[in-house]
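Visitor: Take this structure first; my questions come after.
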Amino acid sequence: MTVLEVRNVSKRFGSLAAVRNISLSVPKGELRAIIGPNGAGKTTFFNLISGFFRPTAGTILFDGRDVTALPAHQRVTLGMARTFQITEIFPELSVFENVRIGTEVAGGYRLRAWMGRAERDGIERRVTETLRLTGLESKAHRLVGELAHGDQRAAEIAMALALEPHLLLLDEPTAGMGDQETYEITQLIRRLHRDGKLTIVLIEHDMRVVFHLADRITVLDQGSLLADGTPQEIAANEAVQAAYLGRAA
Amino acid sequence: MTQLLFFNITNGLIIGAFYVLMALGLSLILNLSNVINFAHGGFLVIGGYIAYTITPYVGFWGALLIAPPLTALIGLVVERVLIRPLYGRDPLYSLLLTFGLAFIIEDGTRFLWGAQGKPVTIPAVLAQPLSSDFFFITGYRLFMVVMVVISVTLLFLLLRYTRLGIRIRAGTLDLETVAALGINVRMLRSLNFAMGIFLAGLSGVLAAGQLGLEPTMGTGLLMPSFIAIIVGGVGSLTGTLLGGLLIGVASGVTAVFLPAASEAIIYVIMAVVLLIRPRGLLGEEGMLT
Amino acid sequence: MRGEGDARKLIALAAIWAALLLAPFWMVPLGGYTALGTRVLVLGLAAMSVNFLLGFTGVLSFGHAAYFGLGAYGAGFALKFLAPSTPLSLLCGMLLGGIAGALLGVLLVRRRGVYFAMVTIAFGQVFYYIAFQWSSVTGGDDGLRGFSRQPIDLGLFSIDILSSANAFYYFVLLCFAAAVTVMAFILRSPFGRTMIAIRENERRARFLGIPVERHIWIAFTLSCFFMGLAGALYALVNNFADPRGLHYSQSGDFVMMAVMGGMRNFWGPLLGAAVFVVLQDYLSSITINWMSFLGMLFVAVVLFFPRGLLGFIRQTAK
């Protein structure tokens with residue numbers, strides 16, 4: 001069963017073609033990594049999938065349903081959750097409160113003016129569970145803005161998880177992290193993939209993480225699809241090597 | 001009937017020209033610095049009163065030459081001292097500041113010059129109507145339009161061809177990049193603000209000759225300026241130009257059929273534009289914040 | 001750890017309500033008078049309604065006085081042309097303000113930031129203009145007169161809120177309490193939390209599945225209903241409805257009250273309203289240039305006390 005299918009999608013900004021005619025297909029339960037040199041259009045591609053803006057051409061299907069024209073918040077309700085390259089959280093609220101909002105939306109409570117005791121307890125239990133999954137239980141009542149970078153990223157992932165998604169889009173989850181934090185986030189993502197049976201697509205620059213986690217890798221370069229295959233195939237692919245090495249650091 | 005219509009359209013264009021002058025100054029400041037200058041009407045009044053005060057010494061033409069730059073100078077000081085500290089903050093604060101400033105200016109002019117309206121004498125050569133046919137186009141009103149045309153042309157030329165102008169336009173689109181290019185953004189904002197206030201001061205001098213002077217005259221002109229900007233499209237000076245003329249003409253024409261509604265029509269136009277083209281006539285997509 | 005903060009909050013809350021309940025008694029020895037307290041309550045409610053949007057949703061609504069004014073005219077019309085019933089006048093005022101807000105909100109909620117502020121002001125001015133020009137109906141510049149608040153007939157006895165300043169004060173306090181309780185309820189609900197989410201990070205809120213424009217519209221409409229109620233009460237305070245109540249300068253006053261008291265605090269705007277009303281009363285009695293002093297106050301608050309009184313207190317307490 002295909003969770004995400006992208007068909008011939010392109011995005012132009014005026015005369016700039018940021019994404020050119022990309023197609024890919026992610027089956028259920030896969031962990032797909034999207035890699036490519038800087039400026040390859042990876043985040044733009046994510047923005048298209050998640051509904052940040054509409055493609056200039058092409059179709060996007062989520063769980064078999066055409067979502068190309070659907071606004072972002074509705075894609076979230078259908079089960080798509082994402083994190084951003086620059087962490088988007090509610091810095092002046094506690095970790096608990098950050099995760100609670102997503103949990104309430106997922107529970108269908110976002111328009112409610114009142115919640116009964118039982119419902120409130122239910123929400124609280126689910127938030128605590130999400131925090132436990134991401135290892136943030138002990139920091140539940142601290143302000144997210146005051147946490148270390150790695151914990152903030154974990155908190156953002158927790159917020160995404162709170163939405164009970166079937167597709168998780170992670171944009172450079174290990175950006176700006178040291179070795180220890182990278183390890184922890186990688187373990188978290190692996191846990192979520194295996195235990196939660198989530199379909200995950202992630203953009204990553206850190207090749208250790210990519211080869212450690214990915215079932216399949218898609219390589220983008222200058223807005224186009226360069227290669228698509230298993231980690232072994234990609235590692236051996238000469239065009240990919242050229243694309244990376246051809247760009248002087 | 002057609003002569004009446006013609007009269008009103010021309011009248012409307014004259015009114016519109018005036019709105020344009022005010023609205024352009026407001027638009028300049030809004031586009032670059034994200035500040036709604038509620039005190040814009042106040043600077044108009046200051047310009048008028050300065051002209052009134054110095055006319056006995058330098059005559060009308062002298063006042064026309066001196067009052068706007070002087071007003072711009074005051075604007076520069078205000079920007080440097082009061083508005084600059086607020087640029088990084090929530091736009092709410094600069095709104096409230098210019099709001100309070102408007103109060104101070106209104107009361108201040110009342111304090112300095114009294115609450116009574118003051119007459120301003122214009123040179124006799126301008127006071128004559130052009131001809132008996134066009135009795136409503138006095139020399140002064142034509143002069144006003146000419147001044148507006150000159151100012152607007154100079155403004156657009158400045159923005160198009162001078163370095164300052166190019167930087168302002170670039171800053172309107174992406175201030176961060178402009179700053180990253182090493183351009184002194186603070187100075188840019190100050191100069192831009194001063195330019196806007198110059199236009200307000202000029203409007204004040206012109207208005208004084210036409211309407212006489214009183215402390216509250218600025219606030220009445222603020223709303224049409226707002227609407228000119230909204231109708232023309234936020235972020236576009238040409239749009240503001242168009243918007244000002246449009247509402248001026250609409251106002252003039254409506255005066256033929258329904259005199260009482262000539263003011264209301266500009267609000268109706270605004271509502272219609274917002275309904276069918278929310279970004280304004282020439283506004284740009286994504287300029288909504 | 002959490003209990004301590006909660007206990008402090010409860011004490012503060014009790015203190016506030018005690019002060020409000022006993023106002024007619026402690027105001028007079030301080031040189032005040034009951035009607036002043038009534039005005040503070042009504043304007044405080046208006047400021048709190050504006051803050052519903054400004055402080056809690058993060059939306060820069062600056063033309064809100066329009067709905068306040070509509071509430072006043074609604075109440076006036078009801079008393080003048082419908083029936084001499086105070087509760088009905090309040091309902092009419094509330095509905096007029098709220099429904100206008102709901103309709104205009106549709107046009108307004110797509111914009112943000114200063115553009116949003118501009119459009120809200122412009123639309124607010126439409127109502128001012130109508131009230132000013134349509135003098136046959138609204139009384140024009142003189143305002144709507146010829147009505148007064150009616151005694152409340154509770155069957156067994158009636159409460160004379162017309163001649164008894166104290167009785168009227170407690171009536172207004174009751175309405176205030178009801179409105180404020182509903183407001184607090186909403187803010188603590190899941191919906192209220194989405195409002196705060198929108199304020200904290202609109203993009204994140206959107207990507208958590210919150211339909212941002214729709215929620216802003218709902219918050220806007222709710223706030224306009226409260227404004228309508230405040231306006232209706234104000235008409236009852238003065239037995240008079242004024243076009244000036246619709247002018248954007250009135251909006252500026254409300255925003256200033258919210259900022260002055262502290263936007264992030266629920267009770268901040270009430271405090272701000274109290275300070276503002278007392279100051280304005282005092283200033284206008286000692287100088288004719290009170291307007292420039294008011295303007296200077298705006299400037300001072302913006303430059304030096306942006307977090308308002310309560311924010312300032314909280315900061316120095318840390």
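So you can find residues: chains in the structure tokens are A, B, ... in the order shown, residues in each start at 1, and ligands are numbered from 1 in order.
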Just list the residues in range 33-83 of chain C DSSP gives helix (DSSP H, G or I) on the backbone, as a ChimeraX atom specification.

Guide: /C:34-54,65-82

Visitor: Using DSSP on the backbone, list every residue of range 68-317 of chain C that comes out as strand (DSSP E), and give them as a VMD selection string.

Guide: chain C and resid 152 to 153 158 to 159

Visitor: For range 212-229 of chain A, please output as JSON, numbers by chain all residues within 6 Å (counting only C-alpha atoms; exclusion window: fewer than 2 positions along the same chain).

Guide: {"A": [18, 19, 20, 22, 31, 32, 33, 34, 35, 36, 40, 41, 208, 209, 210, 233]}

Visitor: Write the residues of the selection above to a file with N, CA and C atoms, as a PDB file, in the first residue's frame.

Guide:
```pdb
ATOM      1  N   ALA A  18      12.573  25.485  -8.868  1.00  0.00           N
ATOM      2  CA  ALA A  18      13.185  24.906  -7.677  1.00  0.00           C
ATOM      3  C   ALA A  18      13.043  23.398  -7.656  1.00  0.00           C
ATOM      4  N   VAL A  19      11.938  22.938  -8.182  1.00  0.00           N
ATOM      5  CA  VAL A  19      11.701  21.497  -8.251  1.00  0.00           C
ATOM      6  C   VAL A  19      11.239  21.169  -9.662  1.00  0.00           C
ATOM      7  N   ARG A  20      11.925  20.206 -10.292  1.00  0.00           N
ATOM      8  CA  ARG A  20      11.567  19.876 -11.679  1.00  0.00           C
ATOM      9  C   ARG A  20      11.122  18.432 -11.804  1.00  0.00           C
ATOM     10  N   ILE A  22       9.524  15.835 -10.419  1.00  0.00           N
ATOM     11  CA  ILE A  22       9.958  14.738  -9.549  1.00  0.00           C
ATOM     12  C   ILE A  22       8.807  13.789  -9.299  1.00  0.00           C
ATOM     13  N   LEU A  31      11.190   3.650   5.534  1.00  0.00           N
ATOM     14  CA  LEU A  31      11.888   4.844   5.979  1.00  0.00           C
ATOM     15  C   LEU A  31      12.713   5.317   4.785  1.00  0.00           C
ATOM     16  N   ARG A  32      12.282   6.418   4.206  1.00  0.00           N
ATOM     17  CA  ARG A  32      12.936   6.933   3.006  1.00  0.00           C
ATOM     18  C   ARG A  32      13.752   8.150   3.359  1.00  0.00           C
ATOM     19  N   ALA A  33      14.988   8.188   2.859  1.00  0.00           N
ATOM     20  CA  ALA A  33      15.817   9.369   3.090  1.00  0.00           C
ATOM     21  C   ALA A  33      15.942  10.140   1.789  1.00  0.00           C
ATOM     22  N   ILE A  34      15.838  11.443   1.887  1.00  0.00           N
ATOM     23  CA  ILE A  34      16.041  12.291   0.715  1.00  0.00           C
ATOM     24  C   ILE A  34      17.328  13.056   0.938  1.00  0.00           C
ATOM     25  N   ILE A  35      18.272  12.854   0.024  1.00  0.00           N
ATOM     26  CA  ILE A  35      19.545  13.536   0.193  1.00  0.00           C
ATOM     27  C   ILE A  35      19.869  14.320  -1.067  1.00  0.00           C
ATOM     28  N   GLY A  36      20.911  15.105  -0.991  1.00  0.00           N
ATOM     29  CA  GLY A  36      21.329  15.883  -2.159  1.00  0.00           C
ATOM     30  C   GLY A  36      22.113  17.083  -1.693  1.00  0.00           C
ATOM     31  N   ALA A  40      19.420  21.645  -3.610  1.00  0.00           N
ATOM     32  CA  ALA A  40      18.860  20.639  -4.498  1.00  0.00           C
ATOM     33  C   ALA A  40      17.335  20.709  -4.563  1.00  0.00           C
ATOM     34  N   GLY A  41      16.746  21.426  -3.651  1.00  0.00           N
ATOM     35  CA  GLY A  41      15.287  21.543  -3.674  1.00  0.00           C
ATOM     36  C   GLY A  41      14.594  20.615  -2.694  1.00  0.00           C
ATOM     37  N   ARG A 208      25.976   9.186   7.917  1.00  0.00           N
ATOM     38  CA  ARG A 208      25.948   8.081   8.875  1.00  0.00           C
ATOM     39  C   ARG A 208      24.506   7.771   9.243  1.00  0.00           C
ATOM     40  N   VAL A 209      23.763   8.843   9.521  1.00  0.00           N
ATOM     41  CA  VAL A 209      22.362   8.681   9.879  1.00  0.00           C
ATOM     42  C   VAL A 209      21.590   8.056   8.726  1.00  0.00           C
ATOM     43  N   VAL A 210      21.842   8.570   7.542  1.00  0.00           N
ATOM     44  CA  VAL A 210      21.111   8.085   6.364  1.00  0.00           C
ATOM     45  C   VAL A 210      21.333   6.593   6.161  1.00  0.00           C
ATOM     46  N   GLU A 233      22.875   0.575  -3.531  1.00  0.00           N
ATOM     47  CA  GLU A 233      22.866   1.059  -4.920  1.00  0.00           C
ATOM     48  C   GLU A 233      23.330   2.509  -4.981  1.00  0.00           C
TER      49      GLU A 233
END
```

Visitor: Which polymer residues have any atom within 12 Å of an atom of Leu88 in chain C, counting only C-alpha atoms, with same-chain residues fewer than 3 positions away left out, as a list of chain:residue names?

Guide: C:Gly74, C:Ala75, C:Gly76, C:Phe77, C:Ala78, C:Leu79, C:Lys80, C:Phe81, C:Leu82, C:Ala83, C:Pro84, C:Ser85, C:Leu91, C:Cys92, C:Gly93, C:Met94, C:Leu95, C:Arg149, C:Gln150, C:Ile152, C:Leu229, C:Ala232, C:Leu233, C:Leu236

Visitor: With a distance threshold of 10 Å and counting only C-alpha atoms, extract the residues of chain C near chain A and express them as number ranges by chain.

Guide: C: 2, 182, 185-212, 215, 218

Visitor: Take the selection from the previous step and output its residues with N, CA and C atoms, as a short mmCIF file (atom, residue, chain, number, x, y, z; two decimals), in the first residue's frame.

Guide:
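Writing done, so here's selection35.cif:
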```cif
data_model
loop_
_atom_site.label_atom_id
_atom_site.label_comp_id
_atom_site.auth_asym_id
_atom_site.auth_seq_id
_atom_site.Cartn_x
_atom_site.Cartn_y
_atom_site.Cartn_z
N ARG C 2 3.60 22.96 41.85
CA ARG C 2 2.52 23.62 41.14
C ARG C 2 1.52 24.20 42.09
N VAL C 182 -17.24 33.71 31.14
CA VAL C 182 -17.29 33.01 29.86
C VAL C 182 -15.96 33.15 29.13
N PHE C 185 -13.41 30.89 30.63
CA PHE C 185 -13.73 29.53 30.25
C PHE C 185 -13.18 29.19 28.86
N ILE C 186 -13.47 30.13 27.95
CA ILE C 186 -13.03 29.89 26.57
C ILE C 186 -11.51 29.81 26.48
N LEU C 187 -10.85 30.73 27.22
CA LEU C 187 -9.39 30.75 27.14
C LEU C 187 -8.74 29.51 27.71
N ARG C 188 -9.42 28.86 28.66
CA ARG C 188 -8.84 27.67 29.26
C ARG C 188 -9.26 26.39 28.56
N SER C 189 -10.04 26.55 27.51
CA SER C 189 -10.56 25.37 26.84
C SER C 189 -9.61 24.94 25.73
N PRO C 190 -9.82 23.78 25.13
CA PRO C 190 -8.97 23.39 23.99
C PRO C 190 -8.98 24.45 22.90
N PHE C 191 -10.16 25.05 22.66
CA PHE C 191 -10.20 26.10 21.63
C PHE C 191 -9.31 27.27 22.03
N GLY C 192 -9.40 27.66 23.28
CA GLY C 192 -8.56 28.76 23.77
C GLY C 192 -7.09 28.45 23.59
N ARG C 193 -6.74 27.19 23.77
CA ARG C 193 -5.34 26.82 23.61
C ARG C 193 -4.91 26.93 22.15
N THR C 194 -5.84 26.70 21.24
CA THR C 194 -5.45 26.88 19.83
C THR C 194 -5.21 28.36 19.54
N MET C 195 -5.97 29.23 20.22
CA MET C 195 -5.75 30.67 20.06
C MET C 195 -4.33 31.03 20.50
N ILE C 196 -3.97 30.52 21.67
CA ILE C 196 -2.64 30.81 22.18
C ILE C 196 -1.57 30.22 21.27
N ALA C 197 -1.84 29.05 20.72
CA ALA C 197 -0.89 28.44 19.79
C ALA C 197 -0.68 29.35 18.58
N ILE C 198 -1.77 29.91 18.08
CA ILE C 198 -1.67 30.80 16.92
C ILE C 198 -0.82 32.01 17.27
N ARG C 199 -1.00 32.51 18.48
CA ARG C 199 -0.19 33.65 18.91
C ARG C 199 1.28 33.27 19.00
N GLU C 200 1.55 32.12 19.57
CA GLU C 200 2.94 31.73 19.82
C GLU C 200 3.70 31.40 18.55
N ASN C 201 3.07 30.73 17.62
CA ASN C 201 3.76 30.36 16.39
C ASN C 201 2.72 29.92 15.37
N GLU C 202 2.33 30.89 14.54
CA GLU C 202 1.21 30.61 13.63
C GLU C 202 1.52 29.46 12.69
N ARG C 203 2.75 29.40 12.19
CA ARG C 203 3.09 28.34 11.22
C ARG C 203 2.98 26.97 11.88
N ARG C 204 3.51 26.87 13.09
CA ARG C 204 3.47 25.60 13.79
C ARG C 204 2.00 25.23 14.05
N ALA C 205 1.21 26.21 14.45
CA ALA C 205 -0.21 25.94 14.70
C ALA C 205 -0.86 25.35 13.45
N ARG C 206 -0.56 25.94 12.31
CA ARG C 206 -1.15 25.45 11.06
C ARG C 206 -0.73 24.01 10.79
N PHE C 207 0.55 23.73 11.06
CA PHE C 207 1.05 22.39 10.79
C PHE C 207 0.74 21.41 11.91
N LEU C 208 -0.02 21.87 12.89
CA LEU C 208 -0.58 20.94 13.86
C LEU C 208 -2.04 20.67 13.55
N GLY C 209 -2.44 21.11 12.39
CA GLY C 209 -3.81 20.82 11.98
C GLY C 209 -4.84 21.84 12.39
N ILE C 210 -4.39 23.01 12.82
CA ILE C 210 -5.34 24.04 13.21
C ILE C 210 -5.69 24.91 12.01
N PRO C 211 -6.97 25.01 11.65
CA PRO C 211 -7.34 25.89 10.54
C PRO C 211 -7.28 27.34 11.02
N VAL C 212 -6.12 27.94 10.82
CA VAL C 212 -5.81 29.21 11.47
C VAL C 212 -6.81 30.32 11.17
N HIS C 215 -10.09 29.80 12.97
CA HIS C 215 -10.04 30.03 14.41
C HIS C 215 -9.90 31.51 14.73
N ILE C 218 -13.31 32.92 14.48
CA ILE C 218 -14.14 32.60 15.65
C ILE C 218 -13.75 33.50 16.82
#
```

Visitor: List as a PDB file with C-alpha atoms, in the first residue's frame the protein and nucleic acid residues near Leu162 in chain C, meaning an atom at most 12 Å away when only C-alpha atoms are counted, but skip any in the same chain fewer than 3 places from it.

Guide:
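File written: out_7.pdb
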```pdb
ATOM      1  CA  ALA C  35     -20.178  56.027  38.643  1.00  0.00           C
ATOM      2  CA  THR C  86     -32.757  46.713  30.037  1.00  0.00           C
ATOM      3  CA  PHE C 147     -33.577  56.752  26.192  1.00  0.00           C
ATOM      4  CA  SER C 148     -32.499  55.712  29.624  1.00  0.00           C
ATOM      5  CA  ARG C 149     -31.775  52.540  31.460  1.00  0.00           C
ATOM      6  CA  GLN C 150     -34.909  50.948  32.808  1.00  0.00           C
ATOM      7  CA  PRO C 151     -35.469  49.485  36.242  1.00  0.00           C
ATOM      8  CA  ILE C 152     -35.217  45.752  36.176  1.00  0.00           C
ATOM      9  CA  SER C 158     -37.724  45.796  40.827  1.00  0.00           C
ATOM     10  CA  ILE C 159     -34.179  47.034  40.970  1.00  0.00           C
ATOM     11  CA  ALA C 165     -25.718  54.577  41.338  1.00  0.00           C
ATOM     12  CA  ASN C 166     -24.864  51.698  43.636  1.00  0.00           C
ATOM     13  CA  ALA C 167     -27.594  49.442  42.331  1.00  0.00           C
ATOM     14  CA  PHE C 168     -26.490  50.129  38.799  1.00  0.00           C
ATOM     15  CA  TYR C 169     -22.895  49.434  39.704  1.00  0.00           C
ATOM     16  CA  PHE C 171     -25.899  45.287  38.006  1.00  0.00           C
ATOM     17  CA  LEU C 236     -26.717  52.506  29.765  1.00  0.00           C
ATOM     18  CA  VAL C 237     -24.068  54.274  31.808  1.00  0.00           C
ATOM     19  CA  ASN C 238     -24.518  57.492  29.857  1.00  0.00           C
ATOM     20  CA  ASN C 239     -28.117  57.080  28.698  1.00  0.00           C
TER      21      ASN C 239
END
```

Visitor: Which residues are near Ile9 in chain B? Cut-off 6 Å, only C-alpha atoms, ignore same chain within fewer than 2 positions. Put them as a CSV table (one decimal) with N, CA and C atoms, in the first residue's frame.

Guide:
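Heads up, here's the output in result-v6.csv:
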```
chain,number,residue,atom,x,y,z
B,6,PHE,N,-18.6,66.5,-16.0
B,6,PHE,CA,-17.2,66.9,-16.3
B,6,PHE,C,-16.6,67.7,-15.1
B,7,PHE,N,-17.4,68.6,-14.7
B,7,PHE,CA,-17.0,69.4,-13.5
B,7,PHE,C,-16.6,68.5,-12.3
B,11,ASN,N,-13.1,67.9,-10.7
B,11,ASN,CA,-13.0,68.2,-9.3
B,11,ASN,C,-12.5,67.0,-8.5
B,12,GLY,N,-13.0,65.9,-8.9
B,12,GLY,CA,-12.6,64.6,-8.3
B,12,GLY,C,-11.1,64.4,-8.5
B,249,VAL,N,-11.9,60.6,-7.9
B,249,VAL,CA,-12.8,60.7,-9.0
B,249,VAL,C,-14.2,60.1,-8.6
B,252,GLY,N,-15.9,62.6,-6.5
B,252,GLY,CA,-16.4,63.7,-7.3
B,252,GLY,C,-17.7,63.4,-8.1
B,253,VAL,N,-17.6,62.2,-8.8
B,253,VAL,CA,-18.7,61.8,-9.6
B,253,VAL,C,-20.0,61.5,-8.8
```

Visitor: Show me which bits of chain C are within 9 Å of chain B, counting only C-alpha atoms, as an NGL selection string.

Guide: :C and (60 or 107-108 or 110-119 or 121-123 or 125-126 or 129-130 or 133 or 249 or 252 or 255-256 or 289-303 or 306)

Visitor: Keeping only C-alpha atoms, write the selected residues as a PDB file, in the first residue's frame.

Guide:
```pdb
ATOM      1  CA  LEU C  60      -3.403  43.212  15.725  1.00  0.00           C
ATOM      2  CA  LEU C 107     -13.215  39.824   4.963  1.00  0.00           C
ATOM      3  CA  LEU C 108     -10.604  40.591   7.541  1.00  0.00           C
ATOM      4  CA  ARG C 110      -7.014  36.692   5.561  1.00  0.00           C
ATOM      5  CA  ARG C 111      -4.704  39.540   6.397  1.00  0.00           C
ATOM      6  CA  ARG C 112      -2.101  39.839   9.086  1.00  0.00           C
ATOM      7  CA  GLY C 113       0.061  42.358  10.811  1.00  0.00           C
ATOM      8  CA  VAL C 114      -0.158  46.011   9.922  1.00  0.00           C
ATOM      9  CA  TYR C 115      -2.270  45.407   6.849  1.00  0.00           C
ATOM     10  CA  PHE C 116      -4.843  43.713   9.050  1.00  0.00           C
ATOM     11  CA  ALA C 117      -4.722  46.666  11.437  1.00  0.00           C
ATOM     12  CA  MET C 118      -5.272  49.106   8.575  1.00  0.00           C
ATOM     13  CA  VAL C 119      -8.247  47.251   7.212  1.00  0.00           C
ATOM     14  CA  ILE C 121      -9.475  50.563  11.231  1.00  0.00           C
ATOM     15  CA  ALA C 122     -10.905  51.453   7.840  1.00  0.00           C
ATOM     16  CA  PHE C 123     -13.918  49.229   8.344  1.00  0.00           C
ATOM     17  CA  GLN C 125     -14.488  54.057  10.353  1.00  0.00           C
ATOM     18  CA  VAL C 126     -17.307  53.035   8.016  1.00  0.00           C
ATOM     19  CA  TYR C 129     -19.180  57.594   9.243  1.00  0.00           C
ATOM     20  CA  ILE C 130     -22.631  56.032   9.065  1.00  0.00           C
ATOM     21  CA  GLN C 133     -24.047  61.051   8.639  1.00  0.00           C
ATOM     22  CA  SER C 249      -9.213  56.836  18.465  1.00  0.00           C
ATOM     23  CA  GLY C 252      -6.569  53.174  20.307  1.00  0.00           C
ATOM     24  CA  VAL C 255      -5.558  48.889  22.952  1.00  0.00           C
ATOM     25  CA  MET C 256      -3.604  51.250  25.177  1.00  0.00           C
ATOM     26  CA  ASN C 289      -4.096  70.154  27.090  1.00  0.00           C
ATOM     27  CA  TRP C 290      -4.916  66.749  28.530  1.00  0.00           C
ATOM     28  CA  MET C 291      -4.737  65.328  25.011  1.00  0.00           C
ATOM     29  CA  SER C 292      -1.021  65.925  24.687  1.00  0.00           C
ATOM     30  CA  PHE C 293      -0.444  64.377  28.105  1.00  0.00           C
ATOM     31  CA  LEU C 294      -2.414  61.357  27.021  1.00  0.00           C
ATOM     32  CA  GLY C 295      -0.308  61.184  23.887  1.00  0.00           C
ATOM     33  CA  MET C 296       2.842  61.406  25.954  1.00  0.00           C
ATOM     34  CA  LEU C 297       1.539  58.588  28.115  1.00  0.00           C
ATOM     35  CA  PHE C 298       1.112  56.436  25.006  1.00  0.00           C
ATOM     36  CA  VAL C 299       4.656  57.215  23.943  1.00  0.00           C
ATOM     37  CA  ALA C 300       6.073  56.559  27.406  1.00  0.00           C
ATOM     38  CA  VAL C 301       4.318  53.220  27.812  1.00  0.00           C
ATOM     39  CA  VAL C 302       5.390  52.046  24.380  1.00  0.00           C
ATOM     40  CA  LEU C 303       9.011  53.020  24.854  1.00  0.00           C
ATOM     41  CA  PRO C 306       5.779  47.631  26.740  1.00  0.00           C
TER      42      PRO C 306
END
```

Visitor: Report as a list of chain:residue names all protein, DNA and RNA residues lying within 9 Å of Val275 in chain C, evaluated on only C-alpha atoms, omitting residues in the same chain fewer than 5 positions from it.

Guide: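 Those residues are C:Val40, C:Met257, C:Met260, C:Gly261, C:Leu270, C:Gln280.
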